[in-house]
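Structure data (mmCIF, C-alpha atoms) from my_file04.cif:
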```
data_my_file
loop_
_atom_site.label_atom_id
_atom_site.label_comp_id
_atom_site.auth_asym_id
_atom_site.auth_seq_id
_atom_site.Cartn_x
_atom_site.Cartn_y
_atom_site.Cartn_z
CA MET A 69 -13.32 -48.80 -9.13
CA ILE A 70 -11.71 -50.04 -12.35
CA ALA A 71 -8.10 -49.17 -11.53
CA ASP A 72 -7.07 -52.82 -11.66
CA ILE A 73 -8.59 -53.18 -15.13
CA ALA A 74 -6.85 -50.01 -16.26
CA GLU A 75 -3.55 -51.50 -15.06
CA LYS A 76 -4.22 -54.53 -17.26
CA VAL A 77 -4.96 -52.32 -20.24
CA TYR A 78 -1.83 -50.20 -19.76
CA ALA A 79 0.23 -53.38 -19.44
CA ASN A 80 -1.23 -54.67 -22.72
CA GLU A 81 -2.87 -57.56 -20.89
CA ARG A 82 -6.23 -58.89 -21.96
CA ILE A 83 -9.37 -58.21 -20.03
CA ASP A 84 -11.59 -61.19 -19.26
CA ARG A 85 -15.35 -61.65 -19.08
CA ALA A 86 -15.55 -60.55 -15.46
CA ASP A 87 -13.66 -57.36 -16.36
CA ALA A 88 -16.01 -56.71 -19.27
CA GLN A 89 -19.00 -57.17 -16.94
CA ARG A 90 -17.60 -54.52 -14.62
CA LEU A 91 -16.88 -52.15 -17.51
CA PHE A 92 -20.45 -52.40 -18.75
CA ALA A 93 -21.62 -51.52 -15.23
CA HIS A 94 -19.11 -48.68 -14.68
CA ALA A 95 -20.88 -45.35 -14.36
CA ASN A 96 -18.13 -43.08 -15.63
CA LEU A 97 -18.33 -43.16 -19.43
CA ALA A 98 -15.46 -40.69 -19.80
CA GLU A 99 -13.11 -43.12 -18.04
CA LEU A 100 -14.15 -45.93 -20.37
CA GLY A 101 -13.61 -43.66 -23.34
CA MET A 102 -10.15 -42.65 -22.14
CA LEU A 103 -9.11 -46.29 -21.76
CA ALA A 104 -10.51 -47.22 -25.16
CA HIS A 105 -8.78 -44.24 -26.77
CA TRP A 106 -5.49 -45.28 -25.19
CA VAL A 107 -5.84 -48.71 -26.80
CA ARG A 108 -6.53 -47.06 -30.16
CA LEU A 109 -3.41 -44.93 -29.89
CA GLN A 110 -1.27 -47.99 -29.19
CA ARG A 111 -2.45 -49.54 -32.45
CA HIS A 112 -2.72 -46.36 -34.53
CA PRO A 113 -0.61 -43.59 -32.98
CA GLU A 114 -0.79 -41.31 -36.00
CA SER A 115 -3.48 -38.61 -35.96
CA VAL A 116 -5.03 -39.77 -39.22
CA VAL A 117 -8.49 -41.11 -39.93
CA THR A 118 -9.32 -42.37 -43.41
CA TYR A 119 -12.61 -43.00 -45.20
CA ASN A 120 -13.74 -44.81 -48.29
CA VAL A 121 -16.62 -43.83 -50.52
CA GLY A 122 -19.34 -46.45 -50.34
CA ARG A 123 -22.93 -47.20 -51.12
CA ASN A 124 -25.43 -49.74 -49.85
CA ILE A 125 -27.37 -51.56 -52.55
CA ASN A 126 -30.16 -53.94 -51.62
CA TYR A 127 -30.51 -56.16 -54.68
CA THR A 128 -33.68 -57.80 -53.33
CA ASN A 129 -36.01 -57.38 -50.37
CA VAL A 130 -37.71 -60.75 -50.79
CA CYS A 131 -37.11 -62.99 -47.78
CA TRP A 132 -38.95 -65.92 -46.26
CA VAL A 133 -37.23 -65.86 -42.86
CA LYS A 134 -39.38 -63.10 -41.32
CA CYS A 135 -37.05 -62.06 -38.50
CA ASP A 136 -38.98 -60.18 -35.84
CA PHE A 137 -36.46 -57.33 -35.72
CA CYS A 138 -36.55 -56.64 -39.47
CA ALA A 139 -38.62 -53.93 -41.17
CA PHE A 140 -37.01 -54.48 -44.57
CA TYR A 141 -38.17 -57.87 -45.81
CA ARG A 142 -41.20 -58.65 -47.95
CA LYS A 143 -42.55 -62.18 -48.13
CA PRO A 144 -42.25 -64.11 -51.41
CA GLY A 145 -45.19 -63.17 -53.60
CA SER A 146 -45.62 -59.72 -52.05
CA ASP A 147 -46.51 -56.87 -54.41
CA GLU A 148 -43.78 -54.86 -52.68
CA GLY A 149 -41.08 -57.45 -53.29
CA TYR A 150 -38.36 -56.74 -55.86
CA VAL A 151 -35.18 -57.97 -57.47
CA LEU A 152 -33.23 -55.08 -58.96
CA PRO A 153 -32.27 -55.50 -62.62
CA LYS A 154 -28.59 -55.13 -63.47
CA GLU A 155 -29.22 -51.81 -65.20
CA GLN A 156 -30.59 -50.32 -61.99
CA ILE A 157 -27.67 -51.65 -59.95
CA PHE A 158 -25.25 -50.23 -62.51
CA ALA A 159 -27.02 -46.86 -62.30
CA LYS A 160 -26.54 -46.80 -58.53
CA ILE A 161 -22.83 -47.57 -58.95
CA ASP A 162 -22.54 -44.84 -61.58
CA GLU A 163 -24.00 -42.39 -59.05
CA LEU A 164 -21.44 -43.55 -56.49
CA ILE A 165 -18.58 -42.95 -58.89
CA GLU A 166 -19.94 -39.51 -59.81
CA VAL A 167 -19.56 -38.35 -56.19
CA GLY A 168 -15.95 -39.37 -55.96
CA GLY A 169 -15.69 -43.12 -55.80
CA ASP A 170 -13.63 -43.40 -58.96
CA GLU A 171 -11.20 -40.69 -57.92
CA ALA A 172 -10.68 -42.24 -54.49
CA LYS A 173 -9.85 -45.63 -56.00
CA SER A 174 -11.35 -47.08 -52.84
CA CYS A 175 -15.06 -47.03 -53.47
CA GLU A 176 -17.04 -49.87 -52.01
CA ILE A 177 -20.38 -51.49 -52.71
CA LEU A 178 -22.08 -53.06 -49.70
CA MET A 179 -24.66 -55.24 -51.43
CA GLN A 180 -27.06 -57.34 -49.39
CA GLY A 181 -30.64 -58.52 -49.59
CA GLY A 182 -33.02 -61.12 -48.24
CA LEU A 183 -33.18 -64.90 -48.54
CA ASN A 184 -34.93 -65.02 -51.89
CA PRO A 185 -35.84 -68.62 -52.76
CA LYS A 186 -35.75 -67.89 -56.50
CA LEU A 187 -32.08 -66.85 -56.60
CA ARG A 188 -29.45 -69.55 -56.98
CA LEU A 189 -25.67 -69.37 -56.91
CA GLU A 190 -25.53 -68.77 -60.67
CA TYR A 191 -27.50 -65.53 -60.24
CA TYR A 192 -24.90 -64.19 -57.81
CA GLU A 193 -21.96 -65.32 -59.92
CA ASP A 194 -23.43 -63.57 -62.94
CA LEU A 195 -24.18 -60.36 -61.04
CA LEU A 196 -20.81 -60.16 -59.26
CA SER A 197 -18.81 -60.86 -62.39
CA ALA A 198 -20.80 -58.29 -64.35
CA ILE A 199 -20.05 -55.62 -61.73
CA ARG A 200 -16.38 -56.63 -61.52
CA ASP A 201 -15.91 -56.45 -65.29
CA ARG A 202 -17.71 -53.12 -65.63
CA TYR A 203 -16.29 -51.47 -62.51
CA PRO A 204 -12.88 -52.98 -61.71
CA GLN A 205 -12.14 -50.13 -59.28
CA VAL A 206 -15.09 -51.01 -57.03
CA HIS A 207 -14.54 -53.20 -53.97
CA LEU A 208 -17.38 -55.72 -53.66
CA HIS A 209 -18.24 -56.15 -49.99
CA CYS A 210 -21.35 -58.28 -50.37
CA LEU A 211 -23.65 -60.95 -48.97
CA SER A 212 -24.10 -61.72 -45.29
CA ALA A 213 -23.24 -65.09 -43.79
CA THR A 214 -26.98 -65.78 -43.65
CA GLU A 215 -27.33 -65.24 -47.39
CA ILE A 216 -24.28 -67.36 -48.16
CA ILE A 217 -25.56 -70.24 -46.01
CA TYR A 218 -28.88 -70.13 -47.84
CA ILE A 219 -27.25 -69.95 -51.28
CA ALA A 220 -25.16 -73.00 -50.40
CA LYS A 221 -28.21 -74.95 -49.25
CA LEU A 222 -30.23 -74.05 -52.35
CA SER A 223 -27.31 -74.99 -54.58
CA LYS A 224 -26.54 -78.18 -52.60
CA LEU A 225 -22.91 -77.16 -52.21
CA SER A 226 -20.55 -76.90 -49.27
CA LEU A 227 -19.93 -73.50 -47.73
CA GLU A 228 -16.33 -73.60 -48.89
CA GLU A 229 -17.25 -74.30 -52.50
CA THR A 230 -19.95 -71.63 -52.42
CA ILE A 231 -17.62 -68.97 -51.00
CA ARG A 232 -14.86 -69.98 -53.39
CA ARG A 233 -17.15 -69.59 -56.40
CA LEU A 234 -18.45 -66.23 -55.17
CA ARG A 235 -14.87 -65.07 -54.65
CA ASP A 236 -13.87 -66.19 -58.12
CA ALA A 237 -16.86 -64.32 -59.55
CA GLY A 238 -15.67 -61.06 -57.97
CA LEU A 239 -16.60 -61.03 -54.29
CA ASP A 240 -13.81 -59.22 -52.44
CA SER A 241 -14.95 -59.42 -48.83
CA ILE A 242 -17.94 -60.41 -46.71
CA PRO A 243 -19.81 -58.04 -44.36
CA GLY A 244 -20.63 -59.05 -40.82
CA ALA A 245 -24.39 -58.71 -41.09
CA GLY A 246 -26.58 -61.43 -39.67
CA ALA A 247 -24.64 -61.74 -36.43
CA GLU A 248 -27.15 -59.80 -34.33
CA ILE A 249 -26.20 -61.45 -31.02
CA LEU A 250 -24.16 -64.62 -31.37
CA VAL A 251 -26.08 -66.53 -28.72
CA ASP A 252 -28.63 -69.10 -29.88
CA GLU A 253 -31.03 -68.33 -27.02
CA VAL A 254 -31.30 -64.77 -28.33
CA ARG A 255 -31.52 -65.86 -31.96
CA ASP A 256 -34.40 -68.18 -31.07
CA ILE A 257 -36.36 -65.17 -29.86
CA ILE A 258 -35.65 -62.57 -32.54
CA GLY A 259 -35.18 -64.79 -35.61
CA PHE A 260 -35.57 -68.49 -34.94
CA ARG A 261 -35.47 -69.42 -38.64
CA LYS A 262 -32.01 -67.96 -39.11
CA ASP A 263 -28.65 -69.68 -38.97
CA ARG A 264 -27.14 -70.78 -35.68
CA THR A 265 -24.22 -69.05 -34.01
CA SER A 266 -21.82 -71.79 -35.10
CA GLU A 267 -22.95 -71.48 -38.72
CA TRP A 268 -22.33 -67.72 -38.78
CA LEU A 269 -18.87 -68.25 -37.36
CA ASP A 270 -18.16 -71.05 -39.84
CA VAL A 271 -18.82 -68.79 -42.84
CA HIS A 272 -16.29 -66.26 -41.61
CA ARG A 273 -13.78 -68.92 -40.59
CA ILE A 274 -13.97 -70.54 -44.03
CA ALA A 275 -13.71 -67.17 -45.81
CA HIS A 276 -10.62 -66.30 -43.78
CA GLY A 277 -9.15 -69.66 -44.74
CA LEU A 278 -9.64 -68.70 -48.39
CA ASP A 279 -7.65 -65.49 -47.80
CA MET A 280 -10.76 -63.33 -47.79
CA ARG A 281 -11.38 -60.66 -45.21
CA THR A 282 -14.66 -60.06 -43.45
CA SER A 283 -16.13 -57.68 -40.90
CA ALA A 284 -17.95 -58.40 -37.65
CA THR A 285 -21.08 -56.77 -36.28
CA MET A 286 -23.37 -56.70 -33.27
CA MET A 287 -26.98 -55.51 -33.09
CA TYR A 288 -27.75 -54.82 -29.44
CA GLY A 289 -30.50 -53.26 -27.38
CA HIS A 290 -33.37 -55.71 -27.88
CA VAL A 291 -33.76 -58.86 -25.77
CA GLU A 292 -30.14 -59.68 -24.94
CA SER A 293 -28.44 -59.33 -21.56
CA VAL A 294 -25.07 -57.74 -20.90
CA GLU A 295 -23.67 -61.23 -20.34
CA GLN A 296 -24.85 -62.21 -23.83
CA ARG A 297 -23.20 -59.16 -25.36
CA ILE A 298 -19.98 -60.25 -23.71
CA GLU A 299 -20.42 -63.81 -25.01
CA HIS A 300 -20.79 -62.33 -28.50
CA LEU A 301 -17.60 -60.30 -28.14
CA GLN A 302 -15.71 -63.30 -26.74
CA LEU A 303 -16.66 -65.46 -29.75
CA LEU A 304 -15.48 -62.76 -32.14
CA ARG A 305 -12.21 -62.38 -30.25
CA ASP A 306 -11.68 -66.13 -30.26
CA LEU A 307 -12.16 -66.34 -34.03
CA GLN A 308 -9.89 -63.36 -34.59
CA ASP A 309 -7.24 -65.14 -32.53
CA GLU A 310 -7.65 -68.16 -34.76
CA THR A 311 -7.69 -66.49 -38.18
CA ALA A 312 -6.91 -62.74 -37.91
CA GLY A 313 -9.45 -62.30 -40.70
CA PHE A 314 -11.74 -59.57 -39.35
CA THR A 315 -11.00 -56.06 -40.55
CA ALA A 316 -13.58 -54.17 -38.51
CA PHE A 317 -16.18 -54.39 -35.76
CA ILE A 318 -19.42 -52.45 -36.22
CA SER A 319 -22.19 -52.21 -33.65
CA TRP A 320 -25.60 -50.59 -33.82
CA ASN A 321 -28.70 -50.52 -31.67
CA PHE A 322 -31.99 -52.20 -32.53
CA GLN A 323 -34.34 -49.95 -34.51
CA PRO A 324 -37.86 -50.95 -33.40
CA ASP A 325 -40.03 -48.97 -35.82
CA HIS A 326 -42.24 -51.09 -38.08
CA THR A 327 -40.93 -54.38 -36.66
CA ASP A 328 -42.84 -57.20 -34.98
CA LEU A 329 -40.42 -57.20 -32.07
CA GLY A 330 -40.74 -53.46 -31.54
CA GLY A 331 -44.49 -53.80 -31.03
CA ASP A 332 -44.25 -56.77 -28.66
CA ALA A 333 -44.12 -55.46 -25.10
CA GLU A 334 -43.74 -58.96 -23.65
CA ARG A 335 -40.43 -59.52 -25.42
CA TRP A 336 -39.06 -55.99 -25.78
CA ASN A 337 -39.27 -53.43 -22.99
CA GLY A 338 -39.76 -50.50 -25.37
CA ALA A 339 -36.66 -48.65 -24.17
CA LYS A 340 -34.54 -47.82 -27.21
CA ALA A 341 -30.81 -47.88 -26.56
CA THR A 342 -29.29 -44.45 -26.02
CA GLY A 343 -26.20 -42.80 -27.42
CA PHE A 344 -24.67 -43.29 -23.98
CA ASP A 345 -25.20 -47.05 -24.33
CA HIS A 346 -23.69 -46.99 -27.82
CA LEU A 347 -20.52 -45.24 -26.67
CA ARG A 348 -20.22 -47.64 -23.75
CA THR A 349 -20.66 -50.66 -26.03
CA VAL A 350 -18.05 -49.43 -28.50
CA ALA A 351 -15.58 -48.65 -25.71
CA VAL A 352 -15.95 -52.05 -24.03
CA ALA A 353 -15.69 -53.80 -27.41
CA ARG A 354 -12.46 -51.96 -28.14
CA LEU A 355 -11.05 -52.84 -24.74
#
```
Please rewrite the model in this file as structure tokens.
Amino acid sequence: MIADIAEKVYANERIDRADAQRLFAHANLAELGMLAHWVRLQRHPESVVTYNVGRNINYTNVCWVKCDFCAFYRKPGSDEGYVLPKEQIFAKIDELIEVGGDEAKSCEILMQGGLNPKLRLEYYEDLLSAIRDRYPQVHLHCLSATEIIYIAKLSKLSLEETIRRLRDAGLDSIPGAGAEILVDEVRDIIGFRKDRTSEWLDVHRIAHGLDMRTSATMMYGHVESVEQRIEHLQLLRDLQDETAGFTAFISWNFQPDHTDLGGDAERWNGAKATGFDHLRTVAVARL
């Protein structure tokens, strides 16, 4: 049923949206996996997989946006809100290095938080430069597009100037968090206070123009349709065509526990995405 699409893949031709729609509906997951694996082997024929040693550090959990899919944030003024002091962040990096980060010379800090209205650009410049000076071997993969947009607005600066200053302070690359589904109709449902699709794309486009690399993500399995997943993938492919600045694509399914969306039966059907759905999504994304 997908022989014509397979012929496209084997001929190194691009699939289109209609093809992607059919792949998402195709019942045979093994066939999708075989096609996706073939694409991988064309790009990376060697039988080698590499890893870096990394750690996630959430420097603050204070956020005013209150996205319905998030179980992490605490409202400003909450007794459970925090901003980690530098010493505690340094201690976490020390623990990373103790388990092999320093030896690998490729250890990475993924540092993200909420939209904390008390933190201005100068806070981030000071923190990033302090980490860079103390741990020059650590790659700083930090701050989502959503955070960067908010920092720029608080600081009354353009996105380009904000990203440039963060880069000069030590930021090496930008993670793809905050994408969720890059369709405004979906964003209006799960996090209407967040940035628009075009704003998320602009952050990554500008970063790529400054010779920075970023990653791309997709959080699926909540209120979006298959067509909206495909729209998301198309926008990422279009930007990659334009800039070649994405280094990775990471997808994960919505985790409903302790979220407002997870407890809302009118908006979410209560059916958590399966491992089968995850493998299908990764395969179609690769194709």
### Query
Can you tell me, as a list in words, which residues sit within 12 Å of (-28.3, -67.1, -28.2) in the file's frame, using all atoms listed in the file?
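All residues meeting the 12 Å criterion around (-28.3, -67.1, -28.2) are Ala247, Glu248, Ile249, Leu250, Val251, Asp252, Glu253, Val254, Arg255, Asp256, Ile257, Ile258, Gly259, Phe260, Lys262, Asp263, Arg264, Thr265, Ser266, Val291, Glu292, Ser293, Glu295, Gln296, Arg297, Ile298, Glu299, His300 and Leu303 of chain A.
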### Task
For the structure shown, which residues end up in the PyMOL selection byres ((chain A and resi 327) around 6)? Put them as a list in words, please?
Phe137, Cys138, Ala139, Pro324, Asp325, His326, Asp328, Leu329 and Gly330 of chain A
### Query
In terms of the shortest atom-to-atom distance over only C-alpha atoms, which of A:Asn184, A:His207, A:Phe314, A:Gln156 is closest to Arg142 in chain A?
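Distance minimum relative to Arg142 in chain A lands on A:Asn184.
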### Answer key for the PyMOL selection byres ((chain A and resi 177) around 12), residues as a ChimeraX atom specification
/A:120-127,157-158,160-165,169,174-176,178-180,196,199-200,203-211,238-243
### Query
Could you work out how far CA of Ile216 in chain A lies from CA of Ala237 in chain A, giving the answer in Å with one decimal?
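Computed distance, CA of Ala237 in chain A to CA of Ile216 in chain A, equals 13.9 Å.
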### Task
Kindly indicate which residue among A:Arg305, A:Arg335, A:Lys221, A:His290 lies nearest to Asn321 in chain A, using only C-alpha atoms for the distances.
A:His290
### Message
Taking (-9.7, -59.5, -39.4) as a centre in this file's frame and 10 Å as the limit, can you find every polymer residue with an atom that close, using all atoms listed in the file, and give them as a PyMOL selection string?
### Response
chain A and resi 272+276+280-284+304-305+307-309+311-317
Atoms are missing here; could range 189-207 of chain A be completed with N, CA, C and O atoms and written as a PDB file, in the coordinates of the input?
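That gives us part_5.pdb:
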```
ATOM      1  N   LEU A 189     -27.062 -69.811 -56.869  1.00  0.00           N
ATOM      2  CA  LEU A 189     -25.670 -69.370 -56.910  1.00  0.00           C
ATOM      3  C   LEU A 189     -25.318 -68.743 -58.251  1.00  0.00           C
ATOM      4  O   LEU A 189     -24.578 -67.746 -58.307  1.00  0.00           O
ATOM      5  N   GLU A 190     -25.847 -69.292 -59.346  1.00  0.00           N
ATOM      6  CA  GLU A 190     -25.530 -68.770 -60.670  1.00  0.00           C
ATOM      7  C   GLU A 190     -25.957 -67.313 -60.827  1.00  0.00           C
ATOM      8  O   GLU A 190     -25.291 -66.538 -61.527  1.00  0.00           O
ATOM      9  N   TYR A 191     -27.057 -66.925 -60.193  1.00  0.00           N
ATOM     10  CA  TYR A 191     -27.500 -65.530 -60.240  1.00  0.00           C
ATOM     11  C   TYR A 191     -26.422 -64.623 -59.644  1.00  0.00           C
ATOM     12  O   TYR A 191     -26.077 -63.575 -60.219  1.00  0.00           O
ATOM     13  N   TYR A 192     -25.896 -65.016 -58.495  1.00  0.00           N
ATOM     14  CA  TYR A 192     -24.900 -64.190 -57.810  1.00  0.00           C
ATOM     15  C   TYR A 192     -23.580 -64.169 -58.578  1.00  0.00           C
ATOM     16  O   TYR A 192     -22.929 -63.121 -58.654  1.00  0.00           O
ATOM     17  N   GLU A 193     -23.188 -65.293 -59.131  1.00  0.00           N
ATOM     18  CA  GLU A 193     -21.960 -65.320 -59.920  1.00  0.00           C
ATOM     19  C   GLU A 193     -22.084 -64.387 -61.129  1.00  0.00           C
ATOM     20  O   GLU A 193     -21.148 -63.642 -61.446  1.00  0.00           O
ATOM     21  N   ASP A 194     -23.226 -64.421 -61.774  1.00  0.00           N
ATOM     22  CA  ASP A 194     -23.430 -63.570 -62.940  1.00  0.00           C
ATOM     23  C   ASP A 194     -23.417 -62.092 -62.554  1.00  0.00           C
ATOM     24  O   ASP A 194     -22.779 -61.267 -63.222  1.00  0.00           O
ATOM     25  N   LEU A 195     -24.093 -61.754 -61.462  1.00  0.00           N
ATOM     26  CA  LEU A 195     -24.180 -60.360 -61.040  1.00  0.00           C
ATOM     27  C   LEU A 195     -22.811 -59.843 -60.582  1.00  0.00           C
ATOM     28  O   LEU A 195     -22.378 -58.752 -60.986  1.00  0.00           O
ATOM     29  N   LEU A 196     -22.113 -60.599 -59.755  1.00  0.00           N
ATOM     30  CA  LEU A 196     -20.810 -60.160 -59.260  1.00  0.00           C
ATOM     31  C   LEU A 196     -19.800 -60.001 -60.383  1.00  0.00           C
ATOM     32  O   LEU A 196     -19.047 -59.010 -60.431  1.00  0.00           O
ATOM     33  N   SER A 197     -19.778 -60.949 -61.295  1.00  0.00           N
ATOM     34  CA  SER A 197     -18.810 -60.860 -62.390  1.00  0.00           C
ATOM     35  C   SER A 197     -19.135 -59.699 -63.320  1.00  0.00           C
ATOM     36  O   SER A 197     -18.222 -59.044 -63.849  1.00  0.00           O
ATOM     37  N   ALA A 198     -20.418 -59.421 -63.499  1.00  0.00           N
ATOM     38  CA  ALA A 198     -20.800 -58.290 -64.350  1.00  0.00           C
ATOM     39  C   ALA A 198     -20.342 -56.973 -63.731  1.00  0.00           C
ATOM     40  O   ALA A 198     -19.841 -56.079 -64.426  1.00  0.00           O
ATOM     41  N   ILE A 199     -20.500 -56.833 -62.415  1.00  0.00           N
ATOM     42  CA  ILE A 199     -20.050 -55.620 -61.730  1.00  0.00           C
ATOM     43  C   ILE A 199     -18.531 -55.514 -61.772  1.00  0.00           C
ATOM     44  O   ILE A 199     -17.965 -54.455 -62.048  1.00  0.00           O
ATOM     45  N   ARG A 200     -17.854 -56.628 -61.513  1.00  0.00           N
ATOM     46  CA  ARG A 200     -16.380 -56.630 -61.520  1.00  0.00           C
ATOM     47  C   ARG A 200     -15.831 -56.219 -62.879  1.00  0.00           C
ATOM     48  O   ARG A 200     -14.898 -55.411 -62.979  1.00  0.00           O
ATOM     49  N   ASP A 201     -16.417 -56.756 -63.944  1.00  0.00           N
ATOM     50  CA  ASP A 201     -15.910 -56.450 -65.290  1.00  0.00           C
ATOM     51  C   ASP A 201     -16.188 -55.008 -65.684  1.00  0.00           C
ATOM     52  O   ASP A 201     -15.378 -54.374 -66.370  1.00  0.00           O
ATOM     53  N   ARG A 202     -17.318 -54.483 -65.250  1.00  0.00           N
ATOM     54  CA  ARG A 202     -17.710 -53.120 -65.630  1.00  0.00           C
ATOM     55  C   ARG A 202     -17.054 -52.065 -64.744  1.00  0.00           C
ATOM     56  O   ARG A 202     -16.752 -50.963 -65.207  1.00  0.00           O
ATOM     57  N   TYR A 203     -16.828 -52.423 -63.478  1.00  0.00           N
ATOM     58  CA  TYR A 203     -16.290 -51.470 -62.510  1.00  0.00           C
ATOM     59  C   TYR A 203     -15.125 -52.111 -61.750  1.00  0.00           C
ATOM     60  O   TYR A 203     -15.241 -52.449 -60.562  1.00  0.00           O
ATOM     61  N   PRO A 204     -13.993 -52.287 -62.382  1.00  0.00           N
ATOM     62  CA  PRO A 204     -12.880 -52.980 -61.710  1.00  0.00           C
ATOM     63  C   PRO A 204     -12.337 -52.222 -60.505  1.00  0.00           C
ATOM     64  O   PRO A 204     -11.658 -52.808 -59.663  1.00  0.00           O
ATOM     65  N   GLN A 205     -12.632 -50.927 -60.404  1.00  0.00           N
ATOM     66  CA  GLN A 205     -12.140 -50.130 -59.280  1.00  0.00           C
ATOM     67  C   GLN A 205     -13.007 -50.270 -58.037  1.00  0.00           C
ATOM     68  O   GLN A 205     -12.649 -49.775 -56.965  1.00  0.00           O
ATOM     69  N   VAL A 206     -14.154 -50.928 -58.141  1.00  0.00           N
ATOM     70  CA  VAL A 206     -15.090 -51.010 -57.030  1.00  0.00           C
ATOM     71  C   VAL A 206     -14.811 -52.266 -56.203  1.00  0.00           C
ATOM     72  O   VAL A 206     -14.692 -53.372 -56.734  1.00  0.00           O
ATOM     73  N   HIS A 207     -14.707 -52.072 -54.898  1.00  0.00           N
ATOM     74  CA  HIS A 207     -14.540 -53.200 -53.970  1.00  0.00           C
ATOM     75  C   HIS A 207     -15.922 -53.769 -53.663  1.00  0.00           C
ATOM     76  O   HIS A 207     -16.820 -53.052 -53.223  1.00  0.00           O
TER      77      HIS A 207
END
```
